[in-house]
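S.K.: Got a structure for you, questions after.
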Amino acid sequence: MDYRRLTRQFIMNEGKVPATSSYLDSISEVLENIMPRSKKDARRIEMAKESLKQVRRQTRRLQERVNVLEEQVSVLEENKES
């Protein structure tokens, strides 16, 4: 066991890509903290928030589909081994 490599990965989070939900949360936080200076800016922010909701929905659906497909692949692999 390479403790040096494990330590480096732990400290630097090497090989870990943040989840899509993390990116969406940070975008949502930024949109919440923006102070619009005009009605036009406020409408743009609201449109961006609505688009973000749609992206979250689509991401959730895609993740559910990936999970179903992964289960199907594992079942097929088990059947192939038998």
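In the structure tokens, chains take the letters A, B, ... in the order shown, each chain's residues start at 1, and ligands count up from 1 in the order shown.
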As a count of residues only, please: the residues near Glu50 in chain A (cut-off 12 Å, only C-alpha atoms, same-chain neighbours under 6 positions excluded).
M.R.: 6
S.K.: Using only C-alpha atoms, which protein or nucleic acid residues come within 9 Å of Thr59 in chain A? Drop anything in the same chain fewer than 5 positions from it, and give the result as a list of chain:residue names.
M.R.: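 In the requested format, the answer is A:Thr20, A:Ser21, A:Gln54, A:Glu64.
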S.K.: Could the residues of range 13-66 of chain A that have an atom at most 12 Å from range 70-74 of chain A be listed as CSV, each with its closest atom pair and the distance in Å to one decimal, counting only C-alpha atoms and ordered by chain and ascending residue number?
M.R.:
```
residue,atom,partner,partner_atom,distance
A:Gln63,CA,A:Glu70,CA,10.4
A:Glu64,CA,A:Glu70,CA,9.9
A:Arg65,CA,A:Glu70,CA,8.6
A:Val66,CA,A:Glu70,CA,6.0
```
S.K.: To one decimal place in Å, what is the distance between CA of Val55 in chain A and CA of Asn67 in chain A?
M.R.: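 These two atoms are separated by 18.2 Å.
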S.K.: Using DSSP on the backbone coordinates, identify the residues of chain A assigned to alpha helix (DSSP H); present them as a PyMOL selection string.
M.R.: chain A and resi 3-12+20-33+39-81
S.K.: What is the CA of Ile34 in chain A-CA of Met47 in chain A distance in Å, reported with one decimal?
M.R.: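 Between CA of Ile34 in chain A and CA of Met47 in chain A the gap works out to 13.4 Å.
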S.K.: Out of A:Leu69, A:Met12, A:Leu6, A:Leu52, which residue has the shortest atom-to-atom distance to Val30 in chain A when counting only C-alpha atoms?
M.R.: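 Of the candidates, the smallest distance to Val30 in chain A is held by A:Leu52.
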S.K.: Nearest to Gln58 in chain A among A:Leu24, A:Asp2, A:Ile11, A:Glu77, with distances taken over only C-alpha atoms: which residue is it?
M.R.: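 The closest residue to Gln58 in chain A is A:Leu24.
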